[in-house]
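Colleague: Okay, so here is final.cif, and as you'll see once you scroll down, it has mmCIF, C-alpha atoms.
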data_protein
loop_
_atom_site.label_atom_id
_atom_site.label_comp_id
_atom_site.auth_asym_id
_atom_site.auth_seq_id
_atom_site.Cartn_x
_atom_site.Cartn_y
_atom_site.Cartn_z
CA MET A 7 16.19 85.30 -1.48
CA ALA A 8 15.89 84.93 2.28
CA LYS A 9 15.03 81.41 3.43
CA LYS A 10 11.49 81.09 4.78
CA LYS A 11 11.26 80.26 8.50
CA ALA A 12 9.56 76.91 9.18
CA ALA A 13 5.99 77.48 10.35
CA LYS A 14 4.98 76.41 13.86
CA PRO A 15 2.43 73.57 13.83
CA LYS A 16 -0.96 75.19 14.12
CA MET A 17 -3.96 73.75 15.83
CA ALA A 18 -7.40 73.88 14.22
CA ARG A 19 -9.86 76.36 15.74
CA VAL A 20 -11.09 75.13 19.10
CA VAL A 21 -14.72 75.49 20.18
CA LEU A 22 -15.29 74.70 23.85
CA VAL A 23 -18.45 73.65 25.66
CA ARG A 24 -18.93 75.49 28.91
CA PRO A 25 -19.34 73.05 31.86
CA PRO A 26 -22.89 73.03 33.17
CA GLU A 27 -22.10 73.45 36.86
CA GLU A 28 -19.53 74.71 39.33
CA GLY A 29 -17.54 72.16 41.30
CA THR A 30 -16.06 72.55 44.76
CA ILE A 31 -13.33 74.77 43.25
CA PRO A 32 -14.96 77.96 41.90
CA LEU A 33 -14.33 78.39 38.18
CA LYS A 34 -13.02 81.92 38.69
CA ASN A 35 -10.29 80.52 40.98
CA ILE A 36 -9.36 77.92 38.38
CA LEU A 37 -9.11 80.60 35.68
CA ALA A 38 -7.00 82.82 37.94
CA ALA A 39 -4.64 79.89 38.68
CA VAL A 40 -4.30 79.03 34.98
CA ARG A 41 -3.50 82.67 34.12
CA GLN A 42 -0.93 82.78 36.91
CA VAL A 43 0.81 79.64 35.60
CA ARG A 44 0.74 80.99 32.03
CA LYS A 45 2.29 84.25 33.18
CA ALA A 46 5.05 82.40 35.06
CA GLU A 47 5.68 80.23 31.98
CA ARG A 48 5.97 83.30 29.72
CA GLU A 49 8.39 84.97 32.13
CA ARG A 50 10.52 81.83 32.36
CA LEU A 51 10.69 81.66 28.55
CA LYS A 52 11.67 85.35 28.36
CA ARG A 53 14.46 84.80 30.89
CA GLN A 54 15.64 81.72 28.95
CA GLN A 55 15.70 83.68 25.68
CA ALA A 56 17.52 86.61 27.31
CA GLY A 57 20.07 84.19 28.77
CA ALA A 58 20.62 82.54 25.38
CA ALA A 59 21.05 85.92 23.66
CA SER A 60 23.62 87.23 26.16
CA MET B 2 -5.68 87.32 24.90
CA SER B 3 -8.29 86.08 22.52
CA ARG B 4 -10.18 83.03 23.79
CA PRO B 5 -11.78 80.13 21.93
CA PRO B 6 -15.51 80.47 21.19
CA GLU B 7 -17.90 78.65 23.49
CA ARG B 8 -21.18 76.77 23.24
CA ARG B 9 -23.66 75.60 25.82
CA PRO B 10 -23.96 71.85 26.49
CA THR B 11 -26.72 70.34 24.36
CA TYR B 12 -27.79 66.84 23.34
CA ASN B 13 -25.72 67.13 20.16
CA ASN B 14 -22.42 67.97 21.87
CA ARG B 15 -22.67 65.82 25.01
CA VAL B 16 -20.71 62.57 25.13
CA PHE B 17 -21.45 59.86 27.67
CA ILE B 18 -18.22 58.34 29.03
CA ASN B 19 -18.78 54.76 30.16
CA CYS B 20 -15.55 53.48 31.71
CA PRO B 21 -14.02 52.26 34.98
CA PHE B 22 -13.32 54.94 37.59
CA ASP B 23 -10.53 53.18 39.51
CA ALA B 24 -7.02 54.53 40.05
CA ALA B 25 -5.45 52.16 37.48
CA TYR B 26 -7.69 53.51 34.73
CA ARG B 27 -7.35 57.18 35.77
CA PRO B 28 -4.60 58.14 33.23
CA LEU B 29 -6.81 56.90 30.38
CA PHE B 30 -9.95 58.51 31.82
CA ARG B 31 -8.29 61.89 32.21
CA ALA B 32 -6.85 61.78 28.67
CA LEU B 33 -10.29 60.81 27.36
CA VAL B 34 -12.06 63.74 29.06
CA PHE B 35 -9.35 66.18 27.89
CA THR B 36 -9.66 64.97 24.26
CA ALA B 37 -13.45 65.20 24.28
CA GLU B 38 -13.36 68.76 25.63
CA LEU B 39 -10.65 69.91 23.21
CA CYS B 40 -12.63 68.44 20.29
CA GLY B 41 -15.64 70.55 21.30
CA TYR B 42 -17.73 68.02 23.23
CA SER B 43 -18.91 68.00 26.82
CA ALA B 44 -17.85 64.83 28.64
CA CYS B 45 -20.54 63.43 30.98
CA CYS B 46 -20.22 60.43 33.26
CA ALA B 47 -21.85 58.84 36.28
CA LEU B 48 -19.37 60.66 38.57
CA ASP B 49 -20.86 63.98 37.47
CA GLU B 50 -24.12 63.29 39.30
CA ASP B 51 -24.01 63.84 43.03
CA ASP B 52 -27.66 63.36 43.99
CA SER B 53 -27.24 60.36 46.27
CA SER B 54 -31.02 59.93 46.67
CA GLU B 55 -31.39 58.84 43.03
CA PRO B 56 -30.70 55.17 42.20
CA ARG B 57 -27.55 54.71 40.12
CA ALA B 58 -29.39 53.07 37.20
CA ALA B 59 -31.80 56.04 37.01
CA LYS B 60 -28.85 58.47 36.90
CA ILE B 61 -27.18 56.48 34.14
CA ILE B 62 -30.39 56.36 32.08
CA ARG B 63 -30.89 60.12 32.48
CA LEU B 64 -27.30 60.72 31.33
CA ILE B 65 -27.66 58.37 28.34
CA GLU B 66 -30.89 60.10 27.29
CA GLY B 67 -29.09 63.44 27.31
CA CYS B 68 -26.05 62.44 25.22
CA ARG B 69 -25.91 61.90 21.47
CA PHE B 70 -22.45 60.35 21.66
CA GLY B 71 -21.22 57.46 23.79
CA ILE B 72 -17.69 56.20 24.40
CA HIS B 73 -17.64 52.81 26.10
CA ASP B 74 -14.42 51.26 27.36
CA ILE B 75 -14.75 47.50 27.84
CA SER B 76 -11.04 46.92 28.52
CA ARG B 77 -11.55 46.22 32.25
CA THR B 78 -14.22 43.54 32.40
CA GLU B 79 -12.06 40.83 33.96
CA SER B 80 -12.74 39.28 37.35
CA ASN B 81 -11.99 41.17 40.53
CA ALA B 82 -10.31 39.78 43.68
CA GLU B 83 -13.48 37.84 44.46
CA GLY B 84 -13.49 36.20 41.03
CA LEU B 85 -16.48 38.22 39.79
CA PRO B 86 -16.45 40.04 36.44
CA ARG B 87 -17.22 43.77 36.09
CA PHE B 88 -20.46 44.02 34.16
CA ASN B 89 -21.17 47.75 34.51
CA MET B 90 -19.48 48.83 31.27
CA PRO B 91 -21.13 46.18 29.01
CA TYR B 92 -24.47 46.86 30.76
CA GLU B 93 -24.28 50.61 30.07
CA LEU B 94 -23.14 49.95 26.50
CA GLY B 95 -26.24 47.77 26.07
CA LEU B 96 -28.47 50.50 27.51
CA PHE B 97 -26.96 53.11 25.16
CA ASP B 98 -27.34 50.81 22.16
CA GLY B 99 -30.92 50.01 23.18
CA TYR B 100 -31.79 53.73 23.23
CA LYS B 101 -30.23 54.13 19.80
CA ARG B 102 -32.13 51.24 18.25
CA ALA B 103 -35.49 51.49 20.01
CA GLY B 104 -35.60 55.19 20.87
CA SER B 105 -37.51 57.66 18.73
CA GLY B 106 -36.46 61.00 17.24
CA ARG B 107 -33.06 62.24 18.34
CA GLN B 108 -32.29 59.04 20.30
CA GLY B 109 -31.97 57.20 16.99
CA LYS B 110 -29.12 59.53 16.01
CA LYS B 111 -26.86 58.29 18.79
CA ARG B 112 -23.28 57.39 17.88
CA THR B 113 -21.18 54.81 19.71
CA LEU B 114 -17.46 54.19 20.05
CA VAL B 115 -16.29 51.04 21.84
CA LEU B 116 -12.75 50.97 23.20
CA ASP B 117 -10.79 47.90 24.23
CA ARG B 118 -7.12 47.28 24.95
CA GLU B 119 -6.40 44.68 22.22
CA PRO B 120 -7.87 44.15 18.76
CA TYR B 121 -10.56 41.42 18.52
CA ARG B 122 -10.39 40.62 22.27
CA TYR B 123 -14.09 41.55 22.57
CA GLN B 124 -14.96 38.60 20.31
CA LYS B 125 -14.18 36.26 23.20
CA PHE B 126 -16.62 37.81 25.67
CA LEU B 127 -18.95 40.26 23.86
CA SER B 128 -19.16 39.03 20.27
CA ASP B 129 -22.66 40.52 19.82
CA ILE B 130 -21.11 43.97 19.34
CA ALA B 131 -19.28 42.92 16.15
CA GLY B 132 -19.81 45.44 13.37
CA GLN B 133 -19.75 48.48 15.67
CA ASP B 134 -16.95 51.04 15.73
CA ILE B 135 -14.42 49.29 18.01
CA ARG B 136 -10.95 50.73 18.52
CA THR B 137 -8.04 49.77 20.75
CA HIS B 138 -5.86 51.89 23.05
CA ALA B 139 -3.28 49.36 24.33
CA ASN B 140 -3.64 51.01 27.78
CA ASP B 141 -1.69 53.99 26.42
CA PRO B 142 -3.22 57.51 26.86
CA ALA B 143 -1.49 58.77 23.67
CA VAL B 144 -2.98 55.92 21.60
CA LEU B 145 -6.37 56.55 23.20
CA ILE B 146 -6.16 60.27 22.30
CA ARG B 147 -5.39 59.38 18.65
CA GLU B 148 -8.24 56.89 18.40
CA VAL B 149 -10.83 59.04 20.15
CA ARG B 150 -9.83 62.16 18.22
CA GLY B 151 -10.09 60.18 14.94
CA TRP B 152 -13.57 59.03 15.88
CA PHE B 153 -14.68 62.55 16.84
CA GLN B 154 -13.36 63.84 13.50
CA ALA B 155 -15.46 61.22 11.69
CA GLN B 156 -18.54 62.41 13.63
CA ALA B 157 -17.76 66.11 13.09
CA ARG B 158 -17.49 65.62 9.29
CA SER B 159 -16.62 69.02 7.80
CA ARG B 160 -15.69 70.67 11.12
CA ASP B 161 -11.89 70.56 11.31
CA LEU B 162 -10.80 69.26 14.72
CA PRO B 163 -7.30 69.70 16.18
CA GLY B 164 -4.89 66.96 15.07
CA ALA B 165 -3.79 64.17 17.42
CA ASP B 166 -0.22 65.51 17.83
CA PRO B 167 -1.31 68.99 19.03
CA ILE B 168 -3.83 67.36 21.42
CA ILE B 169 -1.14 65.07 22.88
CA TYR B 170 1.23 68.04 23.17
CA GLN B 171 -1.41 70.14 24.95
CA TYR B 172 -2.40 67.25 27.21
CA ASP B 173 1.24 66.76 28.29
CA ARG B 174 1.50 70.50 29.05
CA PHE B 175 -1.75 70.39 31.01
CA ARG B 176 -0.64 67.30 33.00
CA ASP B 177 2.69 68.97 33.86
CA GLN B 178 0.86 72.03 35.16
CA VAL B 179 -1.81 70.24 37.21
CA PRO B 180 0.23 70.10 40.48
CA THR B 181 0.98 73.85 40.26
CA LEU B 182 -2.64 74.65 39.41
CA LEU B 183 -3.90 72.60 42.34
CA ALA B 184 -1.44 74.25 44.70
CA ALA B 185 -2.66 77.67 43.51
CA VAL B 186 -6.25 76.79 44.51
CA ASN B 187 -5.17 75.09 47.79
CA LYS B 188 -6.09 71.60 46.62
CA THR B 189 -4.24 68.34 46.13
CA GLU B 190 -4.30 65.52 43.59
CA ALA B 191 -6.80 63.63 45.79
CA ASP B 192 -9.30 66.48 45.39
CA LEU B 193 -9.42 65.81 41.65
CA ASP B 194 -11.40 62.64 42.40
CA SER B 195 -14.33 65.03 42.16
CA TYR B 196 -15.16 64.70 38.46
CA ARG B 197 -16.75 68.13 38.30
CA ASP B 198 -13.53 69.74 39.53
CA TYR B 199 -11.43 67.83 37.02
CA HIS B 200 -13.89 68.70 34.24
CA ASN B 201 -13.81 72.40 35.18
CA LEU B 202 -10.01 72.36 35.49
CA VAL B 203 -9.72 70.97 31.94
CA TYR B 204 -12.21 73.57 30.66
CA GLY B 205 -10.45 76.45 32.45
CA TRP B 206 -7.03 75.37 31.19
CA LEU B 207 -8.25 74.96 27.60
CA ARG B 208 -10.03 78.31 27.72
CA GLU B 209 -6.79 80.08 28.58
CA ASN B 210 -4.43 77.95 26.49
CA THR B 211 -6.11 77.23 23.16
CA GLY B 212 -7.25 80.61 21.88
CA PRO B 213 -6.41 81.57 18.28
CA LYS B 214 -3.30 83.47 19.39
CA VAL B 215 -1.81 80.63 21.43
CA PRO B 216 0.72 78.53 19.48
CA ALA B 217 0.01 74.81 19.38
CA GLY B 218 3.61 73.98 20.25
#
I'd like the structure from this file rewritten - as structure tokens, please.

Modeller:
Amino acid sequence: MAKKKAAKPKMARVVLVRPPEEGTIPLKNILAAVRQVRKAERERLKRQQAGAAS
Amino acid sequence: MSRPPERRPTYNNRVFINCPFDAAYRPLFRALVFTAELCGYSACCALDEDDSSEPRAAKIIRLIEGCRFGIHDISRTESNAEGLPRFNMPYELGLFDGYKRAGSGRQGKKRTLVLDREPYRYQKFLSDIAGQDIRTHANDPAVLIREVRGWFQAQARSRDLPGADPIIYQYDRFRDQVPTLLAAVNKTEADLDSYRDYHNLVYGWLRENTGPKVPAG
């Protein structure tokens, strides 16, 4: 029988509380920046995996 | 990507953070706010209020009235360069406790966590608080995250909160990304002295990084 892959540690379901007010940095700009960093992180991981596979 | 569910801030999910706001305490303060938000609470503190016409004590009282939970760090009460002790944190802890004991209705349901840096140190300068929930962080953000998360879990009862290890992992990721995030919005580390901006940065990061489909690490 194939060996089961070890499960990644999972985090319990997160429920966030929306902040009551905007700061000097608009929230939409913060969200755009976070998405941009996430995208760059995903692409870096893909490149790393492709490099390891080749 | 699927995002975590959201709630509006209410009395029952607001937590009053009573701590020093100096640069030396900043790593602990930031870890504390991050943990509160990730556990599903809205962190409020005196820095959040920017109406300079209102006396500070009135702002603090309004914040205390609006928060069911209070986290009070008394680890920095020693004398300053002029030889005078810092009384703000014990004063605000006393106000919070007074609301809990003398207040009616929902005020009586307040919950308090006291943080210090060493076990039993408080007995030498604030022994009247003996018997309350007092935990120590040893000036270490990871220890603080564990203690605060454990306390939130005790308050949340059946609601399953993220474990301390995933929170520490996520906090380290967040901290690593802060300089890049600030650069992307044309800001610098100094701009994060605005509590509202830090609060919103934590919220925005968690919203995009803790959805059900995002691995914990």

Colleague: Please find the residues of chain B near chain A - the criterion being any atom within 7 Å, counting all atoms listed in the file - and write them as number ranges by chain.

Modeller: B: 5-10, 38-43, 161-164, 167, 182, 185-186, 197-198, 201-202, 205-206, 209, 211, 213, 216-218

Colleague: For the file shown, what are the residues hit by the PyMOL selection byres ((chain B and resi 108-113) around 12), laid out as a PDB file with C-alpha atoms, keeping the file's coordinate frame?

Modeller:
ATOM      1  CA  TYR B  12     -27.790  66.840  23.340  1.00  0.00           C
ATOM      2  CA  ASN B  13     -25.720  67.130  20.160  1.00  0.00           C
ATOM      3  CA  ASN B  14     -22.420  67.970  21.870  1.00  0.00           C
ATOM      4  CA  ARG B  15     -22.670  65.820  25.010  1.00  0.00           C
ATOM      5  CA  VAL B  16     -20.710  62.570  25.130  1.00  0.00           C
ATOM      6  CA  PHE B  17     -21.450  59.860  27.670  1.00  0.00           C
ATOM      7  CA  ILE B  18     -18.220  58.340  29.030  1.00  0.00           C
ATOM      8  CA  ASN B  19     -18.780  54.760  30.160  1.00  0.00           C
ATOM      9  CA  ILE B  65     -27.660  58.370  28.340  1.00  0.00           C
ATOM     10  CA  GLU B  66     -30.890  60.100  27.290  1.00  0.00           C
ATOM     11  CA  GLY B  67     -29.090  63.440  27.310  1.00  0.00           C
ATOM     12  CA  CYS B  68     -26.050  62.440  25.220  1.00  0.00           C
ATOM     13  CA  ARG B  69     -25.910  61.900  21.470  1.00  0.00           C
ATOM     14  CA  PHE B  70     -22.450  60.350  21.660  1.00  0.00           C
ATOM     15  CA  GLY B  71     -21.220  57.460  23.790  1.00  0.00           C
ATOM     16  CA  ILE B  72     -17.690  56.200  24.400  1.00  0.00           C
ATOM     17  CA  HIS B  73     -17.640  52.810  26.100  1.00  0.00           C
ATOM     18  CA  ASP B  74     -14.420  51.260  27.360  1.00  0.00           C
ATOM     19  CA  GLU B  93     -24.280  50.610  30.070  1.00  0.00           C
ATOM     20  CA  LEU B  94     -23.140  49.950  26.500  1.00  0.00           C
ATOM     21  CA  GLY B  95     -26.240  47.770  26.070  1.00  0.00           C
ATOM     22  CA  LEU B  96     -28.470  50.500  27.510  1.00  0.00           C
ATOM     23  CA  PHE B  97     -26.960  53.110  25.160  1.00  0.00           C
ATOM     24  CA  ASP B  98     -27.340  50.810  22.160  1.00  0.00           C
ATOM     25  CA  GLY B  99     -30.920  50.010  23.180  1.00  0.00           C
ATOM     26  CA  TYR B 100     -31.790  53.730  23.230  1.00  0.00           C
ATOM     27  CA  LYS B 101     -30.230  54.130  19.800  1.00  0.00           C
ATOM     28  CA  ARG B 102     -32.130  51.240  18.250  1.00  0.00           C
ATOM     29  CA  ALA B 103     -35.490  51.490  20.010  1.00  0.00           C
ATOM     30  CA  GLY B 104     -35.600  55.190  20.870  1.00  0.00           C
ATOM     31  CA  SER B 105     -37.510  57.660  18.730  1.00  0.00           C
ATOM     32  CA  GLY B 106     -36.460  61.000  17.240  1.00  0.00           C
ATOM     33  CA  ARG B 107     -33.060  62.240  18.340  1.00  0.00           C
ATOM     34  CA  LEU B 114     -17.460  54.190  20.050  1.00  0.00           C
ATOM     35  CA  VAL B 115     -16.290  51.040  21.840  1.00  0.00           C
ATOM     36  CA  LEU B 116     -12.750  50.970  23.200  1.00  0.00           C
ATOM     37  CA  ILE B 130     -21.110  43.970  19.340  1.00  0.00           C
ATOM     38  CA  GLY B 132     -19.810  45.440  13.370  1.00  0.00           C
ATOM     39  CA  GLN B 133     -19.750  48.480  15.670  1.00  0.00           C
ATOM     40  CA  ASP B 134     -16.950  51.040  15.730  1.00  0.00           C
ATOM     41  CA  ILE B 135     -14.420  49.290  18.010  1.00  0.00           C
ATOM     42  CA  ARG B 136     -10.950  50.730  18.520  1.00  0.00           C
ATOM     43  CA  VAL B 149     -10.830  59.040  20.150  1.00  0.00           C
ATOM     44  CA  TRP B 152     -13.570  59.030  15.880  1.00  0.00           C
ATOM     45  CA  PHE B 153     -14.680  62.550  16.840  1.00  0.00           C
ATOM     46  CA  ALA B 155     -15.460  61.220  11.690  1.00  0.00           C
ATOM     47  CA  GLN B 156     -18.540  62.410  13.630  1.00  0.00           C
ATOM     48  CA  ALA B 157     -17.760  66.110  13.090  1.00  0.00           C
TER      49      ALA B 157
END

Colleague: May I ask for the distance between CA of Met90 (chain B) and CA of Cys20 (chain B), given in Å to one decimal place?

Modeller: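 The value is 6.1 Å.
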
Colleague: For the atom pair CA of Thr137 (chain B) and CA of Arg122 (chain B), what is the interatomic distance in Å to one decimal place?

Modeller: 9.6 Å

Colleague: Between CA of Ala143 (chain B) and CA of Ile169 (chain B), measure the distance and give it in Å to one decimal.

Modeller: 6.4 Å

Colleague: Evaluate the PyMOL selection byres ((chain B and resi 47) around 12) on the structure here and hand back the selected residues as an NGL selection string.

Modeller: :B and (16-22 or 44-46 or 48-53 or 55-65 or 89-90 or 93 or 195-197)

Colleague: Using the chain letters and numbers from this file, what does the PyMOL selection byres ((chain B and resi 30) around 10) select? Give the answer as an mmCIF file with C-alpha atoms, in the coordinates of the input.

Modeller:
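Output (selection-v6.cif):
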data_model
loop_
_atom_site.group_PDB
_atom_site.id
_atom_site.type_symbol
_atom_site.label_atom_id
_atom_site.label_comp_id
_atom_site.auth_asym_id
_atom_site.auth_seq_id
_atom_site.Cartn_x
_atom_site.Cartn_y
_atom_site.Cartn_z
ATOM 1 C CA ILE B 18 -18.220 58.340 29.030
ATOM 2 C CA ASN B 19 -18.780 54.760 30.160
ATOM 3 C CA CYS B 20 -15.550 53.480 31.710
ATOM 4 C CA PRO B 21 -14.020 52.260 34.980
ATOM 5 C CA PHE B 22 -13.320 54.940 37.590
ATOM 6 C CA ASP B 23 -10.530 53.180 39.510
ATOM 7 C CA ALA B 24 -7.020 54.530 40.050
ATOM 8 C CA ALA B 25 -5.450 52.160 37.480
ATOM 9 C CA TYR B 26 -7.690 53.510 34.730
ATOM 10 C CA ARG B 27 -7.350 57.180 35.770
ATOM 11 C CA PRO B 28 -4.600 58.140 33.230
ATOM 12 C CA LEU B 29 -6.810 56.900 30.380
ATOM 13 C CA ARG B 31 -8.290 61.890 32.210
ATOM 14 C CA ALA B 32 -6.850 61.780 28.670
ATOM 15 C CA LEU B 33 -10.290 60.810 27.360
ATOM 16 C CA VAL B 34 -12.060 63.740 29.060
ATOM 17 C CA PHE B 35 -9.350 66.180 27.890
ATOM 18 C CA THR B 36 -9.660 64.970 24.260
ATOM 19 C CA ASP B 74 -14.420 51.260 27.360
ATOM 20 C CA PRO B 142 -3.220 57.510 26.860
ATOM 21 C CA LEU B 145 -6.370 56.550 23.200
#

Colleague: Could you tell me which of B:Arg160, B:Arg4, B:Arg174, B:His138 comes closest to Glu47 (chain A) if we count all atoms listed in the file?

Modeller: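 Between B:Arg160, B:Arg4, B:Arg174, B:His138, the residue approaching Glu47 (chain A) most closely is B:Arg174.
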